[in-house]
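Take a look at the structure set out below.
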Amino acid sequence: MEFPLDLSGSAYRDVPFEEKERLLDEVKSDLRFQDVMYGCYECGICVAACPSARFYDFSPRVIAQAVAREDADLVYTLMNDSIWDCSQCFSCDRCPRANSPGGLITIMREVAVNNALQTARKALEGYERIIYKIMSTGTQVSPDMLQPDAFPDWGTHVHEIADNLEIWRRALPPETLHTTETGWSIDDKTIIELYLIWHMTGVMDMIKGVDEGLFMILVDVMEERLEEAGYDVEFE
């Protein structure tokens, strides 16, 4: 049984208000913020257009309102309990005020990840294999990964995919039935560039804050290949 989202902030009373304000300020200081948040009419068009609102106790309007009103308590609650229900389809961009709740949620998600909020770690658990897959092979999702228990936020459609994996495996089609590693060619230069981008832009630091175990696995993979390519990169 699912319970309605608690918008009172009572679930996080033990978190200092100063910390909640700091995270809100971090959201507002993002360079993209001025382009995604102009103030909320509270018309509800974003909710009417939102597919996630049909399946979850989720409202892009509540998120836009909370940020517009600078309600740090509510914003913190939403960053923990609501923003991960967004499908990032940006149907909400039809807002008459030119807000983009989806863009705002993108910023809030990044702040949650950068600050290693516990719910960010939970939300990203199912994507650890994708991250490892990208960094080790240059590809993304392989057919065997499309399982309902791995990606519950993908909705009921993933059950249809999981029930027909053999068909999807034939459709890709990789040389093996378990991976897309040989489905298309990713040259070593591309992989090395990807490693360097993730290192120099702070992505690896972000991963370390969310999942140190995954960070260590990626470091083992990346250090060896970078060294072979003649790069001396240290991961802290």
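We label chains A, B, ... in the order they appear in the structure tokens, count residues from 1 in each chain, and number ligands from 1 in the order shown.
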Residue set, stretch 9-46 of chain A restricted to alpha helix (DSSP H), as a PyMOL selection string: chain A and resi 17-28+33-36+45-46
From A:Ala112, A:Ala49, A:Ala123, A:Ala64, residue lying nearest A:Asp85 [only C-alpha atoms]: A:Ala123
Atom CA of A:Asp188 to atom CA of A:Glu128, distance in Å rounded to a single decimal: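 Atom CA of A:Glu128 lies at a distance of 22.1 Å from atom CA of A:Asp188.
One finds atom CA of A:Trp84 at 13.0 Å from atom CA of A:Phe55.
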Distance of atom CA of A:Leu196 from atom CA of A:Ile131, expressed in Å to one decimal place: 15.1 Å
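Near A:Glu21, within 10 Å and counting only C-alpha atoms, sit Pro16, Glu26, Val27, Glu70, Asp71, Ala72, Asp73, Val75 and Tyr76 of chain A, not including residues fewer than 5 positions from it in the same chain.
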Near-stretch 201-207 of chain A list (10 Å; only C-alpha atoms; drop same-chain fewer than 6 positions) as a ChimeraX atom specification: /A:110,113-116,121,128,131,195,213-216,218-219,235-236
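Nearest residue to A:Glu19, choosing from A:Ala53, A:Leu117, A:Arg61, A:Asp81 and counting only C-alpha atoms: A:Leu117.
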Shortest interatomic distance to A:Leu74 - which of A:Leu104, A:Ala98, A:Leu23, A:Met37, counting only C-alpha atoms: A:Leu23
Closest of A:Cys95, A:Ile83, A:Val233, A:Ile192 to A:Thr137 - atom-to-atom distances counting only C-alpha atoms: A:Ile192
